Amino acid sequence: MTRDTLDRTLKILAVLTVFTLPLWVTNPSYLQILILLFWYAYLTTSWNLVGGWAGVLPLGHSAYIGIGAYTSTILAVNYGISPWFGMIAGGVIAAIVGVIIGVPTLKLRGAYFALSTMAFGEGLRVFVENTDRLGSCVLNGPRGICIPLSNSFWNFQFMDKAPYYYIILIMLAIALFITWHMSRIRIGYYLNAGGEEPEAAQALGVNVAKYKVIAMAISCFMTALAGTFYAQLALYFYPKAILGLDLSFEIAFIALIGGRGTLAGPVLGALILRPVSEFSRIYLSSVLPGLHLVIYGLILILVMIFQPRGIQEPLTRFYKWFLDKVTVSRG
Amino acid sequence: MAAILEVKNVSKHFGGLKAVDQVSLTINKGEIFGLIGPNGAGKSTLFNCVAGYYKPTMGDVFFKGEKITGVKPWNICKKKIGRTFQLVKPFKMKTVLYNTMVGAYARSAKPAEVRDMALAVLEELRLADEKDTLAKNLTIADRKRLEIARAMATDPELLLLDECMAGLRPNEVDEIIEILQGIRSRGVTIFVIEHIMRAIMALSDRIAVLQFGEKIMEGTPKEVSQDDRVIKAYLGESYVIAGN
Ligand SMILES: Nc1ncnc2c1ncn2[C@@H]1O[C@H](COP(=O)(O)OP(=O)(O)O)[C@@H](O)[C@H]1O
Ligand SMILES: [Mg+2]
């Protein structure tokens with residue numbers, strides 16, 4: 001077997017495994033863990049378009065998750081609009097908000113951008129927590145919203161976990177494809193260039209600010225879709241769960257530890273950190289709620305010291321070494 | 001000869017400091033025009049006024065007869081003025097080819113076309129062998145050439161080069177001179193700031209001398225090298241350094 005065929009075989013096997021997993025994993029709680037793992041991978045992949053490529057560190061992306069969840073839910077509960085359409089509406093609103101936030105803040109350097117996105121995220125949470133009604137729409141403040149049960153594809157509600165699994169898997173696949181495609185065309189080159197050396201990029205014809213805002217719009221749109229997904233998965237959500245700082249941080253942590261600005265980083269980051277988070281939630285949350293973020297912090301420090309480009313780098317290197325080793329020893 | 005760039009009474013003040021003071025000059029199409037002067041004379045600042053990084057405090061810049069004062073850098077690039085930076089600014093974590101393709105995307109949106117254009121430029125800059133090297137791993141000489149390659153990839157009619165030979169060995173300087181002559185022979189006008197006298201004298205058709213922000217003279221390399229004020233202000237010191 002040549003190196004290329006082995007590489008391809010392994011990748012096809014991985015894809016097949018992932019797509020057939022619900023056939024063997026029948027325990028709904030395990031499937032739920034996998035769904036959330038992909039959900040985080042999807043969120044981080046969306047975040048990566050701004051946080052990884054445009055060279056800034058957004059720390060308020062949960063705001064767009066919230067916008068997605070609340071928009072589609074309000075449209076469904078109040079107006080009977082299918083969450084599938086509500087999801088798109090949430091994405092569009094999130095993109096518009098992202099542009100409004102992005103135009104002034106994306107010009108800011110480093111910490112100032114991070115702080116202002118954080119402030120916006122927190123501001124939105126506090127606003128929603130203190131708002132019971134917005135016009136004719138019921139938000140219920142900190143108590144959140146329950147989505148009435150009615151299982152059907154049209155209503156984006158399913159008895160089993162498996163449909164949710166496939167939906168988030170397809171969303172992740174599309175997000176990865178978009179990222180991969182963008183990295184190979186002009187916008188990807190311009191975002192990377194503008195993120196690394198803005199002045200040099202400008203001299204080469206790049207309107208750096210404009211491309212960052214475009215990236216922000218795409219990223220916020222994609223992030224909001226995950227908000228609707230979460231609402232339909234849980235059928236109950238409240239501001240702390242989807243608008244919190246810790247969610248924004250968790251996304252950034254996964255990206256930084258996995259490998260910021262890379263295709264595989266968000267997925268590998270989620271693959272490694274989600275089990276940590278689930279474990280600490282199940283066994284340690286009574287000791288110290290939010291402990292997973294403390295553990296993330298420690299892991300982040302170690303990763304930044306030893307692998308500043310994230311764990312995707314040694315993992316990719318190991319995979320290549322493995323391919324070489326196996327194909328050589330087989331002759 | 002047709003003027004391609006006209007700088008008319010351009011001044012740039014930083015607070016009380018007149019970094020560029022009422023400078024006028026005209027560069028003709030196809031020419032190599034040198035700009036010399038001691039450190040801090042205002043050369044880079046004048047470049048930044050032409051390339052849109054600074055808006056002149058007073059005066060105007062015309063490119064092919066069109067006023068471009070205050071036009072943003074990325075739009076200056078689209079008008080076909082390319083520039084390099086005195087302190088090179090490569091995209092360090094990217095390959096030489098990637099760096100150059102960023103420039104070439106100013107000309108086309110088709111990745112395959114852009115790649116070919118970038119490769120052609122790297123060939124001209126004699127960097128083709130390094131196309132897969134990460135920019136951070138290049139020698140200083142190659143970084144300087146990458147800086148020119150990226151600017152050339154945008155297909156400029158006027159190229160602004162800010163000390164692109166500083167810190168190079170004599171044989172590396174000779175190679176850049178050769179490359180620049182090749183670029184000029186294709187009809188690209190070059191406006192070059194340079195400290196290395198041998199290079200600027202060999203390259204330039206005309207030279208302007210800047211001191212304390214003011215243009216103190218302009219002429220052929222021969223005229224400039226024989227001018228008393230220039231020798232006093234600049235060449236004397238530099239020749240002593242070069243002699244060591
Ligand atoms: N952005 C700036 N702010 C304040 N002073 C500046 C700035 N840029 C340049 N200067 C000053 O303007 C003068 C000219 O600088 P510069 O154009 O870089 O000189 P040169 O390129 O001829 O060595 C120097 O005194 C420098 O300190
Ligand atoms: Mg200078």
# chains A, B, ... in the order shown; residues from 1 in each chain; ligands from 1

$ residues_near_ligand --ligand "ligand 1" --cutoff "9 Å" --atoms "only C-alpha atoms and all ligand atoms" --output "MDAnalysis selection string"
chainID B and resid 12:15 17:20 36:48 54 86 162:163 193 210:213

$ closest_atom_pairs --of "chain A" --to "chain B" --cutoff "12 Å" --atoms "only C-alpha atoms" --output "JSON lines"
{"residue": "A:His181", "atom": "CA", "partner": "B:Pro111", "partner_atom": "CA", "distance": 11.1}
{"residue": "A:Met182", "atom": "CA", "partner": "B:Pro111", "partner_atom": "CA", "distance": 11.1}
{"residue": "A:Ser183", "atom": "CA", "partner": "B:Pro111", "partner_atom": "CA", "distance": 10.7}
{"residue": "A:Arg184", "atom": "CA", "partner": "B:Pro111", "partner_atom": "CA", "distance": 7.3}
{"residue": "A:Ile185", "atom": "CA", "partner": "B:Pro111", "partner_atom": "CA", "distance": 6.0}
{"residue": "A:Arg186", "atom": "CA", "partner": "B:Ala109", "partner_atom": "CA", "distance": 6.1}
{"residue": "A:Ile187", "atom": "CA", "partner": "B:Ala109", "partner_atom": "CA", "distance": 9.3}
{"residue": "A:Gly188", "atom": "CA", "partner": "B:Val102", "partner_atom": "CA", "distance": 9.5}
{"residue": "A:Tyr189", "atom": "CA", "partner": "B:Val102", "partner_atom": "CA", "distance": 5.9}
{"residue": "A:Tyr190", "atom": "CA", "partner": "B:Val102", "partner_atom": "CA", "distance": 6.6}
{"residue": "A:Leu191", "atom": "CA", "partner": "B:Val102", "partner_atom": "CA", "distance": 9.9}
{"residue": "A:Asn192", "atom": "CA", "partner": "B:Phe91", "partner_atom": "CA", "distance": 8.4}
{"residue": "A:Ala193", "atom": "CA", "partner": "B:Phe91", "partner_atom": "CA", "distance": 6.3}
{"residue": "A:Gly194", "atom": "CA", "partner": "B:Phe91", "partner_atom": "CA", "distance": 9.1}
{"residue": "A:Gly195", "atom": "CA", "partner": "B:Phe91", "partner_atom": "CA", "distance": 9.3}
{"residue": "A:Glu196", "atom": "CA", "partner": "B:Phe91", "partner_atom": "CA", "distance": 6.1}
{"residue": "A:Glu197", "atom": "CA", "partner": "B:Phe91", "partner_atom": "CA", "distance": 6.4}
{"residue": "A:Pro198", "atom": "CA", "partner": "B:Lys89", "partner_atom": "CA", "distance": 9.3}
{"residue": "A:Glu199", "atom": "CA", "partner": "B:Lys89", "partner_atom": "CA", "distance": 8.1}
{"residue": "A:Ala200", "atom": "CA", "partner": "B:Lys89", "partner_atom": "CA", "distance": 6.0}
{"residue": "A:Ala201", "atom": "CA", "partner": "B:Val102", "partner_atom": "CA", "distance": 7.8}
{"residue": "A:Gln202", "atom": "CA", "partner": "B:Trp74", "partner_atom": "CA", "distance": 4.9}
{"residue": "A:Ala203", "atom": "CA", "partner": "B:Pro73", "partner_atom": "CA", "distance": 5.7}
{"residue": "A:Leu204", "atom": "CA", "partner": "B:Gly103", "partner_atom": "CA", "distance": 5.0}
{"residue": "A:Gly205", "atom": "CA", "partner": "B:Trp74", "partner_atom": "CA", "distance": 3.9}
{"residue": "A:Val206", "atom": "CA", "partner": "B:Trp74", "partner_atom": "CA", "distance": 5.4}
{"residue": "A:Asn207", "atom": "CA", "partner": "B:Trp74", "partner_atom": "CA", "distance": 5.7}
{"residue": "A:Val208", "atom": "CA", "partner": "B:Trp74", "partner_atom": "CA", "distance": 8.6}
{"residue": "A:Ala209", "atom": "CA", "partner": "B:Trp74", "partner_atom": "CA", "distance": 10.9}
{"residue": "A:Lys210", "atom": "CA", "partner": "B:Trp74", "partner_atom": "CA", "distance": 11.0}
{"residue": "A:Gly261", "atom": "CA", "partner": "B:Met93", "partner_atom": "CA", "distance": 11.2}
{"residue": "A:Arg309", "atom": "CA", "partner": "B:Met93", "partner_atom": "CA", "distance": 10.6}

$ write_last_selection --atoms "C-alpha atoms" --output "short mmCIF file (atom, residue, chain, number, x, y, z; two decimals), in the first residue's frame"
data_model
loop_
_atom_site.label_atom_id
_atom_site.label_comp_id
_atom_site.auth_asym_id
_atom_site.auth_seq_id
_atom_site.Cartn_x
_atom_site.Cartn_y
_atom_site.Cartn_z
CA HIS A 181 -12.59 26.84 0.15
CA MET A 182 -12.10 30.37 1.48
CA SER A 183 -8.50 29.60 2.39
CA ARG A 184 -7.81 28.87 -1.27
CA ILE A 185 -9.33 31.98 -2.81
CA ARG A 186 -8.69 35.71 -2.62
CA ILE A 187 -10.63 36.43 0.56
CA GLY A 188 -8.61 33.84 2.48
CA TYR A 189 -5.30 35.27 1.28
CA TYR A 190 -6.44 38.80 2.09
CA LEU A 191 -7.70 37.91 5.57
CA ASN A 192 -4.50 36.10 6.45
CA ALA A 193 -2.34 38.88 5.04
CA GLY A 194 -4.34 41.63 6.75
CA GLY A 195 -4.30 39.72 10.03
CA GLU A 196 -0.54 39.30 10.01
CA GLU A 197 0.80 42.54 8.52
CA PRO A 198 -2.00 45.04 7.86
CA GLU A 199 0.23 47.77 6.40
CA ALA A 200 1.94 45.42 3.98
CA ALA A 201 -1.42 44.01 2.95
CA GLN A 202 -2.76 47.49 2.23
CA ALA A 203 0.19 48.20 -0.03
CA LEU A 204 -0.80 45.08 -1.99
CA GLY A 205 -4.32 46.37 -2.56
CA VAL A 206 -6.08 44.87 0.45
CA ASN A 207 -8.74 46.95 2.15
CA VAL A 208 -8.00 45.21 5.44
CA ALA A 209 -10.90 46.68 7.41
CA LYS A 210 -13.42 45.73 4.72
CA GLY A 261 -6.31 29.82 11.97
CA ARG A 309 0.53 26.97 17.01
#

$ residues_around --residues "Leu10 of chain A" --least-positions-apart "6" --cutoff "10 Å" --atoms "only C-alpha atoms" --output "PyMOL selection string"
chain A and resi 4+16+323

$ atom_distance --atom1 "atom CA of Arg145 of chain B" --atom2 "atom CA of Leu125 of chain B"
6.5 Å

$ select_by_dssp --residues "segment 109-212 of chain B" --states "alpha helix (DSSP H)" --output "VMD selection string"
chain B and resid 111 to 124 140 to 153 170 to 185 197 to 203

$ closest_atom_pairs --of "segment 66-171 of chain A" --to "segment 243-251 of chain A" --cutoff "10 Å" --atoms "only C-alpha atoms" --output "Markdown table"
| residue | atom | partner | partner_atom | distance |
| --- | --- | --- | --- | --- |
| A:Gly66 | CA | A:Leu243 | CA | 5.4 |
| A:Ile67 | CA | A:Leu243 | CA | 8.8 |
| A:Ala69 | CA | A:Leu243 | CA | 9.8 |
| A:Thr117 | CA | A:Ser248 | CA | 9.8 |
| A:Met118 | CA | A:Leu245 | CA | 7.4 |
| A:Ala119 | CA | A:Leu245 | CA | 9.5 |
| A:Gly121 | CA | A:Leu243 | CA | 7.0 |
| A:Glu122 | CA | A:Leu245 | CA | 6.6 |
| A:Gly123 | CA | A:Leu243 | CA | 9.8 |
| A:Leu124 | CA | A:Leu243 | CA | 7.6 |
| A:Arg125 | CA | A:Leu243 | CA | 5.5 |
| A:Val126 | CA | A:Leu243 | CA | 9.1 |
| A:Val128 | CA | A:Leu243 | CA | 9.0 |
| A:Glu129 | CA | A:Leu243 | CA | 9.7 |

$ write_last_selection --atoms "all heavy atoms" --output "mmCIF file, in the first residue's frame"
data_model
loop_
_atom_site.group_PDB
_atom_site.id
_atom_site.type_symbol
_atom_site.label_atom_id
_atom_site.label_comp_id
_atom_site.auth_asym_id
_atom_site.auth_seq_id
_atom_site.Cartn_x
_atom_site.Cartn_y
_atom_site.Cartn_z
ATOM 1 N N GLY A 66 -26.899 33.418 20.949
ATOM 2 C CA GLY A 66 -28.148 33.869 21.554
ATOM 3 C C GLY A 66 -29.085 34.484 20.528
ATOM 4 O O GLY A 66 -30.286 34.200 20.507
ATOM 5 N N ILE A 67 -28.546 35.318 19.668
ATOM 6 C CA ILE A 67 -29.376 35.948 18.639
ATOM 7 C C ILE A 67 -30.046 34.874 17.784
ATOM 8 O O ILE A 67 -31.237 34.950 17.484
ATOM 9 C CB ILE A 67 -28.526 36.909 17.777
ATOM 10 C CG1 ILE A 67 -28.143 38.149 18.596
ATOM 11 C CG2 ILE A 67 -29.286 37.324 16.510
ATOM 12 C CD1 ILE A 67 -27.173 39.096 17.903
ATOM 13 N N ALA A 69 -30.685 31.667 18.617
ATOM 14 C CA ALA A 69 -31.659 30.901 19.396
ATOM 15 C C ALA A 69 -32.934 31.708 19.625
ATOM 16 O O ALA A 69 -34.048 31.219 19.394
ATOM 17 C CB ALA A 69 -31.039 30.492 20.730
ATOM 18 N N THR A 117 -15.628 43.234 22.364
ATOM 19 C CA THR A 117 -16.555 42.157 22.008
ATOM 20 C C THR A 117 -17.103 41.504 23.282
ATOM 21 O O THR A 117 -18.283 41.154 23.355
ATOM 22 C CB THR A 117 -15.861 41.080 21.157
ATOM 23 O OG1 THR A 117 -14.645 40.691 21.781
ATOM 24 C CG2 THR A 117 -15.563 41.597 19.764
ATOM 25 N N MET A 118 -16.236 41.377 24.289
ATOM 26 C CA MET A 118 -16.658 40.823 25.568
ATOM 27 C C MET A 118 -17.754 41.690 26.179
ATOM 28 O O MET A 118 -18.773 41.188 26.652
ATOM 29 C CB MET A 118 -15.459 40.835 26.516
ATOM 30 C CG MET A 118 -15.199 39.557 27.227
ATOM 31 S SD MET A 118 -13.546 39.638 27.923
ATOM 32 C CE MET A 118 -13.939 40.081 29.578
ATOM 33 N N ALA A 119 -17.536 42.993 26.140
ATOM 34 C CA ALA A 119 -18.509 43.926 26.715
ATOM 35 C C ALA A 119 -19.845 43.802 25.986
ATOM 36 O O ALA A 119 -20.902 43.792 26.602
ATOM 37 C CB ALA A 119 -17.979 45.356 26.612
ATOM 38 N N GLY A 121 -21.026 41.144 24.379
ATOM 39 C CA GLY A 121 -21.630 39.863 24.745
ATOM 40 C C GLY A 121 -22.296 39.927 26.117
ATOM 41 O O GLY A 121 -23.440 39.504 26.296
ATOM 42 N N GLU A 122 -21.573 40.480 27.082
ATOM 43 C CA GLU A 122 -22.115 40.595 28.430
ATOM 44 C C GLU A 122 -23.306 41.549 28.460
ATOM 45 O O GLU A 122 -24.307 41.304 29.139
ATOM 46 C CB GLU A 122 -21.026 41.072 29.392
ATOM 47 C CG GLU A 122 -20.179 39.947 29.933
ATOM 48 C CD GLU A 122 -21.005 38.879 30.617
ATOM 49 O OE1 GLU A 122 -21.452 37.955 29.902
ATOM 50 O OE2 GLU A 122 -21.238 38.946 31.826
ATOM 51 N N GLY A 123 -23.164 42.650 27.718
ATOM 52 C CA GLY A 123 -24.253 43.634 27.664
ATOM 53 C C GLY A 123 -25.536 42.991 27.173
ATOM 54 O O GLY A 123 -26.616 43.194 27.734
ATOM 55 N N LEU A 124 -25.423 42.179 26.131
ATOM 56 C CA LEU A 124 -26.604 41.531 25.570
ATOM 57 C C LEU A 124 -27.222 40.563 26.589
ATOM 58 O O LEU A 124 -28.439 40.501 26.754
ATOM 59 C CB LEU A 124 -26.232 40.787 24.280
ATOM 60 C CG LEU A 124 -27.430 40.278 23.475
ATOM 61 C CD1 LEU A 124 -28.239 41.436 22.911
ATOM 62 C CD2 LEU A 124 -26.974 39.362 22.348
ATOM 63 N N ARG A 125 -26.374 39.825 27.304
ATOM 64 C CA ARG A 125 -26.888 38.879 28.303
ATOM 65 C C ARG A 125 -27.656 39.627 29.395
ATOM 66 O O ARG A 125 -28.783 39.267 29.739
ATOM 67 C CB ARG A 125 -25.757 38.076 28.940
ATOM 68 C CG ARG A 125 -26.248 37.095 30.003
ATOM 69 C CD ARG A 125 -25.119 36.329 30.650
ATOM 70 N NE ARG A 125 -24.200 37.194 31.384
ATOM 71 C CZ ARG A 125 -24.422 37.652 32.610
ATOM 72 N NH1 ARG A 125 -25.538 37.340 33.243
ATOM 73 N NH2 ARG A 125 -23.539 38.432 33.200
ATOM 74 N N VAL A 126 -27.049 40.688 29.914
ATOM 75 C CA VAL A 126 -27.704 41.444 30.981
ATOM 76 C C VAL A 126 -29.027 42.024 30.481
ATOM 77 O O VAL A 126 -30.046 41.979 31.168
ATOM 78 C CB VAL A 126 -26.765 42.569 31.490
ATOM 79 C CG1 VAL A 126 -27.503 43.498 32.446
ATOM 80 C CG2 VAL A 126 -25.546 41.960 32.159
ATOM 81 N N VAL A 128 -30.999 40.810 28.070
ATOM 82 C CA VAL A 128 -32.015 39.763 27.924
ATOM 83 C C VAL A 128 -32.487 39.284 29.292
ATOM 84 O O VAL A 128 -33.680 39.059 29.512
ATOM 85 C CB VAL A 128 -31.466 38.582 27.085
ATOM 86 C CG1 VAL A 128 -32.472 37.435 27.058
ATOM 87 C CG2 VAL A 128 -31.152 39.040 25.669
ATOM 88 N N GLU A 129 -31.566 39.175 30.244
ATOM 89 C CA GLU A 129 -31.952 38.715 31.583
ATOM 90 C C GLU A 129 -32.916 39.676 32.263
ATOM 91 O O GLU A 129 -33.671 39.290 33.150
ATOM 92 C CB GLU A 129 -30.702 38.524 32.456
ATOM 93 C CG GLU A 129 -29.992 37.222 32.147
ATOM 94 C CD GLU A 129 -28.900 36.886 33.139
ATOM 95 O OE1 GLU A 129 -28.409 37.799 33.829
ATOM 96 O OE2 GLU A 129 -28.527 35.689 33.198
#

$ residues_around --residues "segment 220-223 of chain B" --least-positions-apart "3" --cutoff "6 Å" --atoms "only C-alpha atoms" --output "list of chain:residue names"
B:Met201, B:Arg206, B:Ile207, B:Gln226

$ residues_around --residues "Arg169 of chain B" --least-positions-apart "2" --cutoff "12 Å" --atoms "only C-alpha atoms" --output "JSON, numbers by chain"
{"B": [139, 140, 141, 142, 165, 166, 167, 171, 172, 173, 174, 175, 176, 196, 199]}

$ write_last_selection --atoms "N, CA, C and O atoms" --output "PDB file, in the first residue's frame"
ATOM      1  N   THR B 139      16.745  34.507   4.285  1.00  0.00           N
ATOM      2  CA  THR B 139      17.843  35.407   4.642  1.00  0.00           C
ATOM      3  C   THR B 139      17.369  36.841   4.413  1.00  0.00           C
ATOM      4  O   THR B 139      16.371  37.066   3.720  1.00  0.00           O
ATOM      5  N   ILE B 140      18.093  37.797   4.983  1.00  0.00           N
ATOM      6  CA  ILE B 140      17.683  39.188   4.835  1.00  0.00           C
ATOM      7  C   ILE B 140      17.648  39.589   3.358  1.00  0.00           C
ATOM      8  O   ILE B 140      16.756  40.292   2.912  1.00  0.00           O
ATOM      9  N   ALA B 141      18.618  39.085   2.580  1.00  0.00           N
ATOM     10  CA  ALA B 141      18.662  39.427   1.153  1.00  0.00           C
ATOM     11  C   ALA B 141      17.403  38.926   0.444  1.00  0.00           C
ATOM     12  O   ALA B 141      16.796  39.633  -0.363  1.00  0.00           O
ATOM     13  N   ASP B 142      17.014  37.698   0.778  1.00  0.00           N
ATOM     14  CA  ASP B 142      15.814  37.142   0.149  1.00  0.00           C
ATOM     15  C   ASP B 142      14.546  37.852   0.623  1.00  0.00           C
ATOM     16  O   ASP B 142      13.590  38.004  -0.128  1.00  0.00           O
ATOM     17  N   MET B 165      18.161  47.738  -0.666  1.00  0.00           N
ATOM     18  CA  MET B 165      19.477  47.093  -0.715  1.00  0.00           C
ATOM     19  C   MET B 165      20.239  47.243   0.591  1.00  0.00           C
ATOM     20  O   MET B 165      21.374  46.766   0.724  1.00  0.00           O
ATOM     21  N   ALA B 166      19.631  47.906   1.575  1.00  0.00           N
ATOM     22  CA  ALA B 166      20.320  48.131   2.848  1.00  0.00           C
ATOM     23  C   ALA B 166      20.633  46.793   3.506  1.00  0.00           C
ATOM     24  O   ALA B 166      19.796  45.894   3.546  1.00  0.00           O
ATOM     25  N   GLY B 167      21.852  46.672   3.988  1.00  0.00           N
ATOM     26  CA  GLY B 167      22.230  45.464   4.724  1.00  0.00           C
ATOM     27  C   GLY B 167      22.632  44.297   3.847  1.00  0.00           C
ATOM     28  O   GLY B 167      22.840  43.196   4.339  1.00  0.00           O
ATOM     29  N   ASN B 171      27.805  41.567  -3.658  1.00  0.00           N
ATOM     30  CA  ASN B 171      27.329  40.751  -4.789  1.00  0.00           C
ATOM     31  C   ASN B 171      25.803  40.685  -4.819  1.00  0.00           C
ATOM     32  O   ASN B 171      25.197  40.625  -5.891  1.00  0.00           O
ATOM     33  N   GLU B 172      25.192  40.752  -3.615  1.00  0.00           N
ATOM     34  CA  GLU B 172      23.723  40.759  -3.563  1.00  0.00           C
ATOM     35  C   GLU B 172      23.172  42.076  -4.102  1.00  0.00           C
ATOM     36  O   GLU B 172      22.146  42.106  -4.781  1.00  0.00           O
ATOM     37  N   VAL B 173      23.897  43.168  -3.814  1.00  0.00           N
ATOM     38  CA  VAL B 173      23.503  44.472  -4.347  1.00  0.00           C
ATOM     39  C   VAL B 173      23.559  44.439  -5.874  1.00  0.00           C
ATOM     40  O   VAL B 173      22.633  44.887  -6.547  1.00  0.00           O
ATOM     41  N   ASP B 174      24.641  43.872  -6.410  1.00  0.00           N
ATOM     42  CA  ASP B 174      24.774  43.798  -7.869  1.00  0.00           C
ATOM     43  C   ASP B 174      23.599  43.042  -8.486  1.00  0.00           C
ATOM     44  O   ASP B 174      23.086  43.426  -9.535  1.00  0.00           O
ATOM     45  N   GLU B 175      23.197  41.983  -7.821  1.00  0.00           N
ATOM     46  CA  GLU B 175      22.101  41.181  -8.356  1.00  0.00           C
ATOM     47  C   GLU B 175      20.799  41.986  -8.385  1.00  0.00           C
ATOM     48  O   GLU B 175      20.055  41.947  -9.371  1.00  0.00           O
ATOM     49  N   ILE B 176      20.555  42.744  -7.304  1.00  0.00           N
ATOM     50  CA  ILE B 176      19.332  43.567  -7.272  1.00  0.00           C
ATOM     51  C   ILE B 176      19.397  44.633  -8.365  1.00  0.00           C
ATOM     52  O   ILE B 176      18.392  44.896  -9.043  1.00  0.00           O
ATOM     53  N   ILE B 196      23.066  53.167  -0.483  1.00  0.00           N
ATOM     54  CA  ILE B 196      24.299  52.669  -1.074  1.00  0.00           C
ATOM     55  C   ILE B 196      24.595  53.471  -2.343  1.00  0.00           C
ATOM     56  O   ILE B 196      23.920  53.342  -3.354  1.00  0.00           O
ATOM     57  N   ALA B 199      25.142  51.902  -5.779  1.00  0.00           N
ATOM     58  CA  ALA B 199      23.928  51.389  -6.401  1.00  0.00           C
ATOM     59  C   ALA B 199      23.101  52.519  -6.998  1.00  0.00           C
ATOM     60  O   ALA B 199      22.671  52.446  -8.152  1.00  0.00           O
TER      61      ALA B 199
END

$ residues_around --residues "segment 271-283 of chain A" --least-positions-apart "2" --cutoff "10 Å" --atoms "only C-alpha atoms" --output "PyMOL selection string"
chain A and resi 33-34+36-38+40-41+250+253-254+257-258+265-269+285-293+295-296+299+311

$ closest_residue --among "B:Leu5, B:Ala118, B:Val10, B:Leu161" --to "ligand 2" --atoms "only C-alpha atoms and all ligand atoms"
B:Leu161

$ residues_around --residues "segment 101-110 of chain A" --least-positions-apart "4" --cutoff "7 Å" --atoms "only C-alpha atoms" --output "PyMOL selection string"
chain A and resi 56+97+114+116+209+212-213+216

$ write_last_selection --atoms "all heavy atoms" --output "mmCIF file, in the first residue's frame"
data_model
loop_
_atom_site.group_PDB
_atom_site.id
_atom_site.type_symbol
_atom_site.label_atom_id
_atom_site.label_comp_id
_atom_site.auth_asym_id
_atom_site.auth_seq_id
_atom_site.Cartn_x
_atom_site.Cartn_y
_atom_site.Cartn_z
ATOM 1 N N VAL A 56 -7.622 38.856 15.111
ATOM 2 C CA VAL A 56 -8.169 39.468 16.308
ATOM 3 C C VAL A 56 -8.754 38.362 17.184
ATOM 4 O O VAL A 56 -8.874 37.222 16.746
ATOM 5 C CB VAL A 56 -9.259 40.511 15.985
ATOM 6 C CG1 VAL A 56 -8.667 41.719 15.326
ATOM 7 C CG2 VAL A 56 -10.344 39.886 15.114
ATOM 8 N N VAL A 97 -25.818 42.495 12.974
ATOM 9 C CA VAL A 97 -25.288 42.956 14.265
ATOM 10 C C VAL A 97 -23.759 42.856 14.263
ATOM 11 O O VAL A 97 -23.062 43.774 14.701
ATOM 12 C CB VAL A 97 -25.886 42.131 15.433
ATOM 13 C CG1 VAL A 97 -25.217 42.496 16.748
ATOM 14 C CG2 VAL A 97 -27.391 42.374 15.529
ATOM 15 N N ALA A 114 -10.767 42.558 21.839
ATOM 16 C CA ALA A 114 -11.235 41.467 22.683
ATOM 17 C C ALA A 114 -12.169 42.001 23.772
ATOM 18 O O ALA A 114 -13.250 41.459 23.999
ATOM 19 C CB ALA A 114 -10.042 40.746 23.308
ATOM 20 N N SER A 116 -13.879 44.843 23.830
ATOM 21 C CA SER A 116 -15.132 45.427 23.384
ATOM 22 C C SER A 116 -16.121 44.348 22.940
ATOM 23 O O SER A 116 -17.326 44.488 23.145
ATOM 24 C CB SER A 116 -14.891 46.463 22.278
ATOM 25 O OG SER A 116 -14.188 45.872 21.232
ATOM 26 N N ALA A 209 -9.712 46.515 6.561
ATOM 27 C CA ALA A 209 -10.899 46.678 7.410
ATOM 28 C C ALA A 209 -12.127 46.055 6.748
ATOM 29 O O ALA A 209 -12.916 45.369 7.387
ATOM 30 C CB ALA A 209 -11.134 48.161 7.688
ATOM 31 N N LYS A 212 -12.078 42.263 6.994
ATOM 32 C CA LYS A 212 -12.354 41.801 8.359
ATOM 33 C C LYS A 212 -13.849 41.861 8.652
ATOM 34 O O LYS A 212 -14.404 40.972 9.301
ATOM 35 C CB LYS A 212 -11.591 42.660 9.376
ATOM 36 C CG LYS A 212 -10.124 42.298 9.465
ATOM 37 C CD LYS A 212 -9.442 43.068 10.577
ATOM 38 C CE LYS A 212 -7.978 42.688 10.647
ATOM 39 N NZ LYS A 212 -7.267 43.408 11.708
ATOM 40 N N VAL A 213 -14.498 42.919 8.177
ATOM 41 C CA VAL A 213 -15.939 43.039 8.415
ATOM 42 C C VAL A 213 -16.696 41.940 7.660
ATOM 43 O O VAL A 213 -17.640 41.351 8.185
ATOM 44 C CB VAL A 213 -16.434 44.449 8.013
ATOM 45 C CG1 VAL A 213 -17.957 44.495 8.014
ATOM 46 C CG2 VAL A 213 -15.881 45.495 8.968
ATOM 47 N N MET A 216 -16.332 38.863 9.611
ATOM 48 C CA MET A 216 -17.180 38.955 10.804
ATOM 49 C C MET A 216 -18.621 38.590 10.436
ATOM 50 O O MET A 216 -19.287 37.839 11.158
ATOM 51 C CB MET A 216 -17.097 40.388 11.349
ATOM 52 C CG MET A 216 -17.834 40.618 12.631
ATOM 53 S SD MET A 216 -16.886 40.032 14.045
ATOM 54 C CE MET A 216 -17.901 40.680 15.362
#
